[in-house]
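Undergrad: Pasting in a structure now, in structure tokens, and then I'll have a few things to ask.
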Amino acid sequence: MDMLAAKALLHETDKHGVSVYSHLTEVLAALLENDKIDALSSFETISLQVKEKHFRPEAVAPAPTPSVDLLDEERSWHDGTNELLRGGPPAETEDAGDVSIPNLIEEADFLSVAGVGLSKEEAYRVYVSLHKLQKLKELESIRFFGKILGTQAHYYIAEASYPPAADDEEPLPEGTVPTEEKGVGCNSYAYFATNDPAGTWTELPVVTPDQLVAAARIRKFFTGDMAAPVRAYPPFPGTEKEYLRAQIARICAATVLCAKGKYMIEEESDPPKVVDFEPEEDEAPPPLTAAAMLEPSSWLRYNMGILNIGRCTHPPTEEEEEEEPKKDEPPLQPLTPPLTPIAADEWSLQVFKHMGAGVCAAVARSLRWPGAYSATNVKENKSFNIYIGYGQAALSQQFTVQPPPAVQSEPDDVIEQMDMPLDEENAPVIAAAKAALAETVAAEAEAAAEADDE
Amino acid sequence: MLRAARPSPHSALWCAAELSAVTKAAIPATTGNVLSLAHAAGMQSSFPLLQKNYKFSKVLFFGRIMGKAQDYLVAIGIEDSWLGQKKFFFCQDGVSWAQLPTPTAEEKANCAKLPSNQLLTGDPSFQIAVPSEPAADEEEEPEKVMIDEVLRLAVIVETIDSEAAMAPIGALSMGPTGAVLGNPAFTGIDKTTAMSASGYVFIHKTKPKDALASAAKKSLDFLVSCDELVPKGALCCGFDDASSVVTVRNLVWPGFLAYTMPGVAYWGYCYFGTGEKNADIAFML
């Protein structure tokens, strides 16, 4: 190697413009600048410090991650999901007959026009899982209610109903207001929840009016753990499992919609019962139009509204009481029957006409319960409902915690009385003494008289 | 062994989400948000055009802001130098983009006066009146201030971007001029780091300068850690087994979602929501 080549090698710069030559120059300059240090022993340190001045991201960036095989680590989820999907959904048998499972895959596709839904793969996993749940529990009907997001995990919720059961009624939980029976009002359906479609579904308990009233007073994110306590004020009676069930009941009552002309209320039914629409006198129901679906009056709430007492209907009163209603009792809150038109200010209505094949999707999004969507296939009058959200209502103003109960007032002051003047206090004593004295005197006089007589 | 298909690693990006992360990878679908077919198809063709017409180095998807009658889609255009201001665009059909105005401080203050729970209408030309402060008796009635909805949208987008935008730690570096750049040496963060708030930094919150720190440290550690977000626990990290992506939700801005793939320089964030800040979070955790 000749001199020139060697020099050229030392002058060769890296991508940051540093060469051995320039580096050595800087190191020597640094050593000369600081003449108090031992130049030879601190040579390496100075060299490193000088090198660090030239920024090289790769030197300070986090070290590249060791290639962890994610499949090893996540054995349980992948195994469980494989197990779930093996063999696909149970084949629909001919004799399944009355079992009703809406096609979630079609629903998810339809709802995506509104900008809500699951990914295609997730929808399929839930779809298979619902079929398996239906088989396992022998349910009469099952539908995907939606997904409630939690801070640590999410809940998938299935809404189901059992076939009419024999008399094995479990006792209902008691509270200040009687709980609605299974199949009625807020307990019309059974709900199942799971964190993972491949996991096991847990049936949620029946909801009590106390829980409904308490749930409306608090505002709390779900954690994703059904056994977690609900730390809030006023205290919620139960764990997250009960809170979840109560919020589902509130969401379900407020946001499950159907289009006009699909259902009607059975005549003379109490509580009102929803049945399929049957046109009177062979008159077909007026077909839906896209324009009409932009009117709130075309959308009906499928369920009954929840009253302030936490039930959909008033508890049955005793016959005697009914005859003589107490005058000071406030009048009962009027019921909200099913199939009530929605309020215009609580919903955002949209129509999407680009669905192909003349299909037009009308979508209602709840502003009161963000995440609640209802989509109607206008051509077929078929509605799909889904809720994906945090399970919290939107408030018209900031949430304020209910104040603690008022401090108990002090007891009434004791009324004091003046002491009796001494003379007055002594008067009866003196009188008694005088009487006794008089008596003694009289007795003595009598005795003396008797003695005189003798 | 076959591995699940992964997006190819590319250099770290400045902000927001790659369109494919929202449409194909469907990352926001974990929280129930999907793009409709019409929007997704529209953006596939309009993003490259937007990039070409404005000479952006990249156009990214920011999010969808809900309006009562119609939603707004928002995109971010990034200029070549990284130093230039980023530009926000909005549209309602996924195709016809228009630039959002840059709000002044006064306009931001006016928007802050609007009552809460005041949803956007979905009509960009709609004007909303700012509630005027009660005037003193003898003063004349002050003139009513009107705010265009486009301006409100701009304020919402800018606020969310400045308050919530986040990046994995080490993904961004600061050059000697103070310009924030993608770190070319960033190779992703590991899963344990990705699953905690301390694995992320807020893009628009810089740390106070530390004179003692070494130059190398300063160039990488210059942003406020997401760990410092108040209240604690408002950032929820979750691992999506199906896509091997870690998602981070910011409950102060419900609808905000950041994501990163452990071990890969693949990250971004997006927002789907009403544009309302969660004022009740103190009670909700």
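Every chain in the structure tokens takes a letter, A first, then B, and so on in the order presented; its residues are numbered from 1, and the ligands are numbered from 1 following the presented order.
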Run DSSP on the backbone and give me the residues of stretch 6-250 of chain B it puts in strand (DSSP E or B), as number ranges by chain.
TA: B: 17, 33, 58-65, 67, 72-78, 87-91, 98-99, 120, 127-129, 146-148, 166-168, 172-174, 180-182, 200-206, 223-225, 235-240, 245-250
Undergrad: Those same residues - C-alpha atoms - I'd like them written as a short mmCIF file (atom, residue, chain, number, x, y, z; two decimals), in the first residue's frame.
TA:
```
data_model
loop_
_atom_site.label_atom_id
_atom_site.label_comp_id
_atom_site.auth_asym_id
_atom_site.auth_seq_id
_atom_site.Cartn_x
_atom_site.Cartn_y
_atom_site.Cartn_z
CA ALA B 17 -52.76 6.26 9.64
CA ASN B 33 -65.37 1.53 13.33
CA LYS B 58 -47.49 11.44 1.76
CA VAL B 59 -51.22 11.69 2.36
CA LEU B 60 -52.54 9.93 5.44
CA PHE B 61 -55.95 9.21 6.85
CA PHE B 62 -56.72 11.14 10.01
CA GLY B 63 -60.22 10.04 10.86
CA ARG B 64 -63.92 10.47 10.61
CA ILE B 65 -65.79 13.12 12.57
CA GLY B 67 -71.99 15.05 11.85
CA TYR B 72 -66.65 14.29 7.63
CA LEU B 73 -63.57 12.41 6.54
CA VAL B 74 -60.29 14.09 7.38
CA ALA B 75 -56.92 13.51 5.74
CA ILE B 76 -53.48 14.94 6.44
CA GLY B 77 -51.08 15.98 3.74
CA ILE B 78 -47.40 15.96 4.68
CA LYS B 87 -52.29 20.45 5.97
CA PHE B 88 -55.67 19.02 6.85
CA PHE B 89 -58.29 18.17 4.27
CA PHE B 90 -61.91 17.22 4.66
CA CYS B 91 -64.59 15.72 2.49
CA ALA B 98 -61.04 20.60 0.37
CA GLN B 99 -58.46 22.12 2.62
CA LEU B 120 -71.56 19.05 14.00
CA GLN B 127 -73.14 28.73 10.91
CA ILE B 128 -73.54 28.50 14.65
CA ALA B 129 -73.82 31.49 16.97
CA MET B 146 -70.99 33.31 14.03
CA ILE B 147 -68.72 30.33 13.45
CA ASP B 148 -68.66 28.37 10.23
CA MET B 166 -48.87 9.69 19.76
CA ALA B 167 -45.99 7.58 18.49
CA PRO B 168 -44.06 4.62 19.82
CA LEU B 172 -39.23 9.99 15.97
CA SER B 173 -35.97 11.85 16.31
CA MET B 174 -35.05 15.48 16.42
CA VAL B 180 -38.80 16.34 13.98
CA LEU B 181 -38.11 13.48 11.62
CA GLY B 182 -38.87 9.83 11.43
CA TYR B 200 -45.37 5.93 23.69
CA VAL B 201 -44.79 9.67 23.42
CA PHE B 202 -47.08 12.53 22.49
CA ILE B 203 -45.98 13.86 19.13
CA HIS B 204 -46.89 17.47 19.83
CA LYS B 205 -45.71 17.81 23.41
CA THR B 206 -42.00 18.48 23.70
CA LEU B 223 -41.12 14.25 23.70
CA VAL B 224 -43.38 13.88 26.71
CA SER B 225 -44.10 10.27 27.60
CA LEU B 235 -54.75 5.08 27.86
CA CYS B 236 -55.88 1.51 27.29
CA CYS B 237 -53.48 -0.79 25.51
CA GLY B 238 -54.79 -4.00 24.06
CA PHE B 239 -53.34 -6.73 21.90
CA ASP B 240 -55.40 -7.93 18.98
CA VAL B 245 -51.32 -5.35 16.44
CA VAL B 246 -51.27 -3.45 19.72
CA THR B 247 -53.99 -0.80 19.85
CA VAL B 248 -54.01 2.09 22.29
CA ARG B 249 -57.25 3.92 23.02
CA ASN B 250 -57.25 7.35 24.62
#
```
Undergrad: Pull out every residue of chain B that has at least one atom within 6 Å of chain A, counting only C-alpha atoms, and report them as a VMD selection string.
TA: chain B and resid 29 32 to 36 68 117 185 187 190 216 236 263 280 284 to 285
Undergrad: Looking only at the backbone, which of the residues in stretch 36-268 of chain A does DSSP tag as helix (DSSP H, G or I), as number ranges by chain?
TA: A: 43-53, 57-60, 70-73, 75-85, 94-96, 104-114, 120-137, 185-187, 209-217, 240-255
